[in-house]
Amino acid sequence: MKLIFELSKPGRGNKVLTPYQTTLNLNPTAEVPAVEIPAAFRRSSAPRLPEVSENDLSRHYNALARRSFGVCDGFYPLGSCTMKYNPKINEVIANLFKFTDIHPLQPKHTVSGCQTVYALAEKYLCGITGMDAMTFQPAAGAHGEFTGILLIKAYHDSRGDYARKKVIVPDSAHGTNPATAAMCGYEVCSIPSTPDGMVDLDALRAAVGPDTAALMLTNPNTIGKIDKNILEITKIVHDAGGLCYYDGANLNAVMGVARPGDMGFDVCHLNLHKTFSTPHGGGGPGSGAVGCKNILKPFLPGSAIGGGGGEQSVGQVKMFFGNFLVVLRALAYLMTLGNSGVREAAQTAVLNANYMKAKMEEAGYVCAYPGICMHEFVLDLSQLKKETGVSALDVAKSMLDHGIHPPTMYFPLIVHEALMFEPTETESRETIDEACAVMAEILKTAKEDPEACHTAPHHTVIGRPDETKAARHPVVRYDFNS
Ligand SMILES: *Cc1c(COP(=O)(O)O)cnc(C)c1O
C-alpha cells in the first residue's frame, strides 16, 4: 500500500473550502488584532504536505480502515480491556456541536448544560460505586490510579502520619497498580495469591502495619475472580490504619450488582472508556474517573461543577476538567440502560464468560483456575506447549486467520502461556459458539500439524512482524529522499 506522500502530485490539493467560505461569509473579520509570530519561531519554508484530491484521500483512509480491526469488524475478546460494542447513539450525542464547540474557559453560565452532564455522571457513578464524590480529570485508568493514591497520600500527610511508606499489591493485580504505587513514591509490597487465586490472608496480615499506606486491589482480579474474602481484606488493612484502593477498571462484571464502597474501599477508579462505552484501543481519549469516600473528598482536584480544588487539594492532574466527551458518552450509555440495564449488562458479561469458559474446557483447553469466573477467564497453554511445541502466541496468531482478534496474551504473569478471554455482554451466543468452534479447530491443528500454527497467520497482510524492532526502532517519519 502506498503512503499518502507517494500519492501526492504538486498542485492537486483540495481547494473546495475557500470559495465555499467566501460565498457563505463564514470568514468574518477577526475581532482581535493579528499578532505577528516572531521570526525565530517561523518556518523558513512551507511544510511539504501531501497534495491529493478528495477522492484519493478518501480511498486512502478507507484502505487503511480495511486493514485495521475493531469491534465493528468481528469478535474481539481482549481480556481486561472490555472491547464491547459501543452503541452509535453515544457517538451521535458526543458529536452534537453544542458539546464539541465549547471552550473550557467559557463563562460558566454559558456551559450549564455541560455542568449538568458532569453532575449527573457523578451522581450515577457514585451510585454505582458507593462513593461520595468523584473527579473526572484523569485521562485514563493508570492516571486515575495515580490520582487516587495521591489522595491517600494527602490524607495520611494531613494527619501528620508520615511513617506510612508502603503500598500492598497482591500479585494478581493489574501491572499498573505497582507502577502507580512506585510513581507516587511508595515502596511496593507484593503479596502472593492462594492456588485458587485469592489474596493470601495470612500473608496480608503479616504485611500490614504502621508503615502501610494502602492496599491496591484489582477486583475482579486479573484471573477474572472476585475475592471471596473482600470484607476481611479491607478490614485487615483498615485495622492497621491503611486505606483501601479499588482498581475498578473492570467494573463491567460488578456494576449494578456490588459496590466497592460497600466492600470497604475508600477510593476507586473506573475506566469509562472500557466499561462505559467509549471506543478505545487505538489510544484515543479515555477517562479514569476517580470516586472517593467523604474522608478523601477535601483532597480532590477541582471539578467542573465547583467542588474540590480547595486548600487541601492534591491539585490539578490534568488541564481543565478531563476528557469531557468520554464522560458524556458514559452518561448517555447509563441513561440508555437505566438501573436494571446496567445490572443486566454485568450479569450477561459474566454469563457469556462462563459459557465460553465451559465450552473451551469441553473443547480440551485447560483453564488456569477452576470454577465460576467473572467477566473473563484465563487459559493455561503450558501443557499444550510441552506436548506439541505450540505456544500461546502460536494459538493467538492462528486466530487471526479466522477473523477473530486474539485475546490478551502472556498476562497475567502468574500464569505461564496465558490467554485471557473477555467476550463481553454484547456478543451473541452464536458468535461465541463460532469462536469456540474456531478454537477447537486450532487445538486440533496444534496436535496434528504444529508447524501450521508456528507459521500462522497465513491470510493477513502482515504475518509476524519483529515486534521488538517495531517497538524500539519505529519508523514514523517519511524520508522524502527514499
Ligand atoms: C486497563 C486497566 C488499567 C489501566 O487503564 P488505562 O486506561 O489503560 O490506563 C488498570 N487496571 C486494570 C485492571 C485494567 O484492566
# chains A, B, ... in the order shown; residues from 1 in each chain; ligands from 1

$ select_by_dssp --residues "region 267-326 of chain A" --states "strand (DSSP E)" --output "number ranges by chain"
A: 267-270, 290-292

$ residues_around --residues "Glu91 (chain A)" --least-positions-apart "5" --cutoff "9 Å" --atoms "only C-alpha atoms" --output "list of chain:residue names"
A:Asn86, A:Leu96, A:Thr278, A:Arg329

$ residues_around --residues "Met420 (chain A)" --least-positions-apart "3" --cutoff "9 Å" --atoms "only C-alpha atoms" --output "list in words"
Pro77, Leu78, Gly79, Ser80, Thr222, Ile223, Gly224, Glu376, Phe377, Val378, Leu379, Asp380, Pro407, Thr408, Met409, Tyr410, Phe411 and Pro412 of chain A

$ residues_around --residues "Asn339 (chain A)" --least-positions-apart "6" --cutoff "12 Å" --atoms "only C-alpha atoms" --output "list of chain:residue names"
A:Tyr124, A:Leu125, A:Gly127, A:Ile128, A:Met255, A:Gly256, A:Val257, A:Tyr333, A:Ala345, A:Ala346

$ write_last_selection --atoms "all heavy atoms" --output "CSV table (one decimal), in the first residue's frame"
chain,number,residue,atom,x,y,z
A,124,TYR,N,-24.7,9.4,39.2
A,124,TYR,CA,-24.9,8.0,38.8
A,124,TYR,C,-23.7,7.1,39.1
A,124,TYR,O,-23.9,5.9,39.6
A,124,TYR,CB,-25.3,7.8,37.3
A,124,TYR,CG,-26.6,8.5,36.9
A,124,TYR,CD1,-26.8,9.0,35.6
A,124,TYR,CD2,-27.6,8.7,37.9
A,124,TYR,CE1,-28.0,9.7,35.3
A,124,TYR,CE2,-28.8,9.3,37.5
A,124,TYR,CZ,-29.0,9.8,36.2
A,124,TYR,OH,-30.1,10.5,35.9
A,125,LEU,N,-22.5,7.6,38.8
A,125,LEU,CA,-21.4,6.7,39.0
A,125,LEU,C,-21.0,6.5,40.5
A,125,LEU,O,-20.6,5.5,40.9
A,125,LEU,CB,-20.2,7.2,38.2
A,125,LEU,CG,-20.3,7.1,36.7
A,125,LEU,CD1,-19.3,7.8,36.0
A,125,LEU,CD2,-20.3,5.6,36.3
A,127,GLY,N,-23.4,6.4,42.6
A,127,GLY,CA,-24.4,5.4,43.0
A,127,GLY,C,-24.0,4.0,42.7
A,127,GLY,O,-24.2,3.1,43.5
A,128,ILE,N,-23.3,3.9,41.5
A,128,ILE,CA,-22.9,2.5,41.1
A,128,ILE,C,-21.7,2.0,41.9
A,128,ILE,O,-21.6,0.8,42.2
A,128,ILE,CB,-22.5,2.6,39.6
A,128,ILE,CG1,-23.8,2.6,38.8
A,128,ILE,CG2,-21.7,1.4,39.2
A,128,ILE,CD1,-23.6,2.9,37.3
A,255,MET,N,-20.9,-3.9,38.0
A,255,MET,CA,-21.7,-2.7,38.0
A,255,MET,C,-23.2,-3.1,38.2
A,255,MET,O,-23.7,-4.0,37.5
A,255,MET,CB,-21.5,-1.8,36.8
A,255,MET,CG,-21.8,-2.5,35.5
A,255,MET,SD,-21.7,-1.4,34.1
A,255,MET,CE,-22.1,-2.5,32.7
A,256,GLY,N,-23.8,-2.4,39.1
A,256,GLY,CA,-25.3,-2.6,39.3
A,256,GLY,C,-25.5,-3.9,40.2
A,256,GLY,O,-26.7,-4.2,40.5
A,257,VAL,N,-24.4,-4.6,40.6
A,257,VAL,CA,-24.6,-5.8,41.4
A,257,VAL,C,-23.9,-5.6,42.7
A,257,VAL,O,-24.6,-5.9,43.8
A,257,VAL,CB,-24.0,-7.0,40.6
A,257,VAL,CG1,-24.1,-8.2,41.5
A,257,VAL,CG2,-24.6,-7.2,39.3
A,333,TYR,N,-24.8,6.4,27.8
A,333,TYR,CA,-24.8,5.0,28.0
A,333,TYR,C,-25.6,4.6,29.2
A,333,TYR,O,-26.6,3.8,29.2
A,333,TYR,CB,-23.4,4.4,28.1
A,333,TYR,CG,-23.3,3.0,28.2
A,333,TYR,CD1,-23.6,2.1,27.2
A,333,TYR,CD2,-22.8,2.4,29.4
A,333,TYR,CE1,-23.4,0.7,27.4
A,333,TYR,CE2,-22.6,1.0,29.6
A,333,TYR,CZ,-22.9,0.2,28.6
A,333,TYR,OH,-22.8,-1.1,28.7
A,345,ALA,N,-26.4,-5.8,32.0
A,345,ALA,CA,-25.1,-5.9,31.2
A,345,ALA,C,-24.1,-6.6,32.0
A,345,ALA,O,-23.4,-7.5,31.4
A,345,ALA,CB,-24.7,-4.4,30.9
A,346,ALA,N,-23.9,-6.3,33.3
A,346,ALA,CA,-22.9,-7.0,34.1
A,346,ALA,C,-23.2,-8.5,34.1
A,346,ALA,O,-22.3,-9.4,34.0
A,346,ALA,CB,-22.8,-6.4,35.5

$ residues_near_ligand --ligand "ligand 1" --cutoff "7 Å" --atoms "only C-alpha atoms and all ligand atoms" --output "JSON, numbers by chain"
{"A": [80, 81, 140, 141, 142, 143, 174, 176, 177, 218, 222, 247, 248, 249, 250, 271, 286, 288]}

$ write_last_selection --atoms "N, CA and C atoms" --output "short mmCIF file (atom, residue, chain, number, x, y, z; two decimals), in the first residue's frame"
data_model
loop_
_atom_site.label_atom_id
_atom_site.label_comp_id
_atom_site.auth_asym_id
_atom_site.auth_seq_id
_atom_site.Cartn_x
_atom_site.Cartn_y
_atom_site.Cartn_z
N SER A 80 -9.37 -8.10 29.95
CA SER A 80 -9.03 -6.94 30.76
C SER A 80 -9.25 -5.62 30.02
N CYS A 81 -9.71 -5.68 28.79
CA CYS A 81 -9.87 -4.44 28.01
C CYS A 81 -11.32 -4.10 27.70
N ALA A 140 -7.07 8.49 31.94
CA ALA A 140 -7.03 7.05 31.69
C ALA A 140 -7.01 6.33 33.03
N GLY A 141 -7.07 5.00 32.95
CA GLY A 141 -7.11 4.22 34.18
C GLY A 141 -5.87 4.41 35.04
N ALA A 142 -4.71 4.29 34.43
CA ALA A 142 -3.47 4.41 35.20
C ALA A 142 -3.36 5.81 35.80
N HIS A 143 -3.84 6.81 35.09
CA HIS A 143 -3.84 8.18 35.58
C HIS A 143 -4.80 8.32 36.77
N HIS A 174 -3.42 -5.82 38.43
CA HIS A 174 -3.03 -5.31 37.12
C HIS A 174 -1.65 -4.66 37.26
N THR A 176 -0.44 -2.02 36.27
CA THR A 176 -0.38 -0.58 36.55
C THR A 176 -0.42 -0.30 38.05
N ASN A 177 -0.93 -1.24 38.86
CA ASN A 177 -1.04 -0.96 40.30
C ASN A 177 0.32 -0.77 40.97
N THR A 218 -7.07 -5.09 42.60
CA THR A 218 -7.77 -5.17 41.32
C THR A 218 -8.90 -6.17 41.50
N THR A 222 -6.90 -10.12 38.05
CA THR A 222 -6.50 -10.37 36.66
C THR A 222 -6.74 -11.82 36.21
N ASP A 247 -9.17 -0.98 42.21
CA ASP A 247 -8.99 -0.80 40.77
C ASP A 247 -10.25 -1.32 40.09
N GLY A 248 -11.09 -0.38 39.67
CA GLY A 248 -12.38 -0.76 39.09
C GLY A 248 -12.40 -0.63 37.57
N ALA A 249 -11.22 -0.76 36.97
CA ALA A 249 -11.16 -0.67 35.50
C ALA A 249 -12.08 -1.72 34.86
N ASN A 250 -12.24 -2.84 35.57
CA ASN A 250 -13.08 -3.91 35.03
C ASN A 250 -14.42 -3.99 35.75
N ASN A 271 -12.71 2.85 34.49
CA ASN A 271 -12.28 3.17 33.13
C ASN A 271 -13.54 3.41 32.30
N GLY A 286 -9.45 8.82 26.85
CA GLY A 286 -10.14 7.97 27.81
C GLY A 286 -10.53 8.79 29.01
N GLY A 288 -10.36 8.10 33.34
CA GLY A 288 -10.18 7.26 34.53
C GLY A 288 -10.78 7.95 35.73
#

$ residues_around --residues "region 398-402 of chain A" --least-positions-apart "6" --cutoff "6 Å" --atoms "only C-alpha atoms" --output "PyMOL selection string"
chain A and resi 453+456-457+459

$ closest_residue --among "A:Ile432, A:Pro50, A:Ala332, A:Val314" --to "Ala358 (chain A)" --atoms "only C-alpha atoms"
A:Ile432

$ residues_around --residues "His156 (chain A)" --least-positions-apart "2" --cutoff "12 Å" --atoms "only C-alpha atoms" --output "list in words"
Ile149, Leu150, Leu151, Ile152, Lys153, Ala154, Ser158, Arg159, Gly160, Asp161, Tyr162, Ala163, Arg164, Lys165, Pro210, Asp211, Thr212, Ala213, Ala214, Gly241, Gly242, Leu243, Ile295, Leu296, Phe299 and Gln312 of chain A

$ write_last_selection --atoms "N, CA and C atoms" --output "compact mmCIF listing (two decimals), in the first residue's frame"
# COMPACT_ATOMS: atom_id res chain seq x y z
N ILE A 149 -4.11 7.37 44.51
CA ILE A 149 -3.05 7.15 45.51
C ILE A 149 -2.53 8.49 46.04
N LEU A 150 -2.55 9.53 45.20
CA LEU A 150 -2.19 10.86 45.70
C LEU A 150 -3.18 11.32 46.77
N LEU A 151 -4.46 10.98 46.58
CA LEU A 151 -5.47 11.34 47.59
C LEU A 151 -5.14 10.67 48.92
N ILE A 152 -4.77 9.39 48.83
CA ILE A 152 -4.45 8.63 50.04
C ILE A 152 -3.21 9.22 50.73
N LYS A 153 -2.23 9.59 49.93
CA LYS A 153 -1.01 10.19 50.47
C LYS A 153 -1.33 11.51 51.17
N ALA A 154 -2.17 12.32 50.51
CA ALA A 154 -2.56 13.61 51.08
C ALA A 154 -3.30 13.41 52.40
N SER A 158 -1.99 14.80 55.88
CA SER A 158 -2.80 15.80 56.58
C SER A 158 -2.94 15.45 58.06
N ARG A 159 -2.73 14.19 58.38
CA ARG A 159 -2.80 13.76 59.78
C ARG A 159 -1.42 13.68 60.42
N GLY A 160 -0.41 14.10 59.68
CA GLY A 160 0.96 14.04 60.20
C GLY A 160 1.48 12.62 60.28
N ASP A 161 0.82 11.70 59.57
CA ASP A 161 1.19 10.29 59.64
C ASP A 161 2.17 9.96 58.51
N TYR A 162 3.41 10.34 58.71
CA TYR A 162 4.40 10.23 57.63
C TYR A 162 5.11 8.87 57.57
N ALA A 163 4.77 7.99 58.54
CA ALA A 163 5.50 6.71 58.61
C ALA A 163 4.99 5.70 57.58
N ARG A 164 3.87 6.02 56.93
CA ARG A 164 3.25 5.04 56.04
C ARG A 164 3.90 5.11 54.66
N LYS A 165 4.82 4.20 54.42
CA LYS A 165 5.64 4.27 53.21
C LYS A 165 5.40 3.13 52.24
N PRO A 210 2.13 -0.30 60.87
CA PRO A 210 2.08 1.17 60.92
C PRO A 210 2.74 1.83 59.71
N ASP A 211 3.42 1.00 58.87
CA ASP A 211 4.03 1.59 57.66
C ASP A 211 3.14 1.39 56.42
N THR A 212 1.92 0.82 56.62
CA THR A 212 1.04 0.57 55.47
C THR A 212 0.24 1.82 55.12
N ALA A 213 0.46 2.33 53.91
CA ALA A 213 -0.32 3.48 53.46
C ALA A 213 -1.62 2.99 52.86
N ALA A 214 -1.54 1.94 52.05
CA ALA A 214 -2.73 1.49 51.34
C ALA A 214 -2.56 0.08 50.81
N GLY A 241 -4.67 0.87 59.96
CA GLY A 241 -4.58 2.31 59.70
C GLY A 241 -4.36 2.67 58.24
N GLY A 242 -4.34 1.66 57.35
CA GLY A 242 -4.17 1.94 55.93
C GLY A 242 -5.51 2.18 55.25
N LEU A 243 -5.46 2.68 54.04
CA LEU A 243 -6.69 2.87 53.27
C LEU A 243 -6.73 1.86 52.12
N ILE A 295 -14.02 11.04 53.51
CA ILE A 295 -12.75 11.34 54.19
C ILE A 295 -11.68 11.81 53.21
N LEU A 296 -11.81 11.45 51.92
CA LEU A 296 -10.80 11.85 50.94
C LEU A 296 -11.24 13.04 50.08
N PHE A 299 -9.35 16.38 49.36
CA PHE A 299 -8.08 16.32 48.63
C PHE A 299 -8.27 16.24 47.11
N GLN A 312 -6.71 21.90 50.60
CA GLN A 312 -6.00 20.63 50.83
C GLN A 312 -5.88 19.78 49.56

$ atom_distance --atom1 "CA of Ala207 (chain A)" --atom2 "CA of Ile372 (chain A)"
29.0 Å

$ select_by_dssp --residues "region 190-385 of chain A" --states "helix (DSSP H, G or I)" --output "count of residues only"
78

$ atom_distance --atom1 "CA of Val326 (chain A)" --atom2 "CA of His103 (chain A)"
15.7 Å

$ atom_distance --atom1 "CA of Pro301 (chain A)" --atom2 "CA of Val317 (chain A)"
7.0 Å

$ closest_residue --among "A:His405, A:His269, A:Arg12, A:Lys108" --to "Thr460 (chain A)" --atoms "only C-alpha atoms"
A:His405

$ residues_around --residues "Val350 (chain A)" --least-positions-apart "4" --cutoff "9 Å" --atoms "only C-alpha atoms" --output "VMD selection string"
chain A and resid 252 to 254 345 to 346 354 to 355 373 to 376 424 to 425

$ write_last_selection --atoms "C-alpha atoms" --output "mmCIF file, in the first residue's frame"
data_model
loop_
_atom_site.group_PDB
_atom_site.id
_atom_site.type_symbol
_atom_site.label_atom_id
_atom_site.label_comp_id
_atom_site.auth_asym_id
_atom_site.auth_seq_id
_atom_site.Cartn_x
_atom_site.Cartn_y
_atom_site.Cartn_z
ATOM 1 C CA ASN A 252 -18.150 -4.491 33.750
ATOM 2 C CA ALA A 253 -18.544 -7.580 35.917
ATOM 3 C CA VAL A 254 -19.902 -5.869 39.031
ATOM 4 C CA ALA A 345 -25.147 -5.873 31.209
ATOM 5 C CA ALA A 346 -22.879 -7.033 34.058
ATOM 6 C CA ASN A 354 -18.712 -18.621 31.930
ATOM 7 C CA TYR A 355 -20.461 -20.055 28.865
ATOM 8 C CA CYS A 373 -15.324 -16.799 36.720
ATOM 9 C CA MET A 374 -16.473 -13.211 36.479
ATOM 10 C CA HIS A 375 -16.279 -11.317 33.155
ATOM 11 C CA GLU A 376 -13.122 -13.046 31.903
ATOM 12 C CA THR A 424 -18.334 -9.110 26.955
ATOM 13 C CA GLU A 425 -22.106 -8.891 27.140
#

$ closest_atom_pairs --of "region 259-347 of chain A" --to "region 66-73 of chain A" --cutoff "12 Å" --atoms "only C-alpha atoms" --output "tab-separated table"
residue	atom	partner	partner_atom	distance
A:Ser277	CA	A:Val71	CA	11.8
A:Thr278	CA	A:Val71	CA	11.6
A:Pro279	CA	A:Val71	CA	8.6
A:His280	CA	A:Gly70	CA	9.3
A:Gly281	CA	A:Gly70	CA	8.4
A:Gly282	CA	A:Gly70	CA	9.3

$ closest_residue --among "A:Pro406, A:Pro370, A:Pro87, A:Pro423" --to "Asp196 (chain A)" --atoms "only C-alpha atoms"
A:Pro370
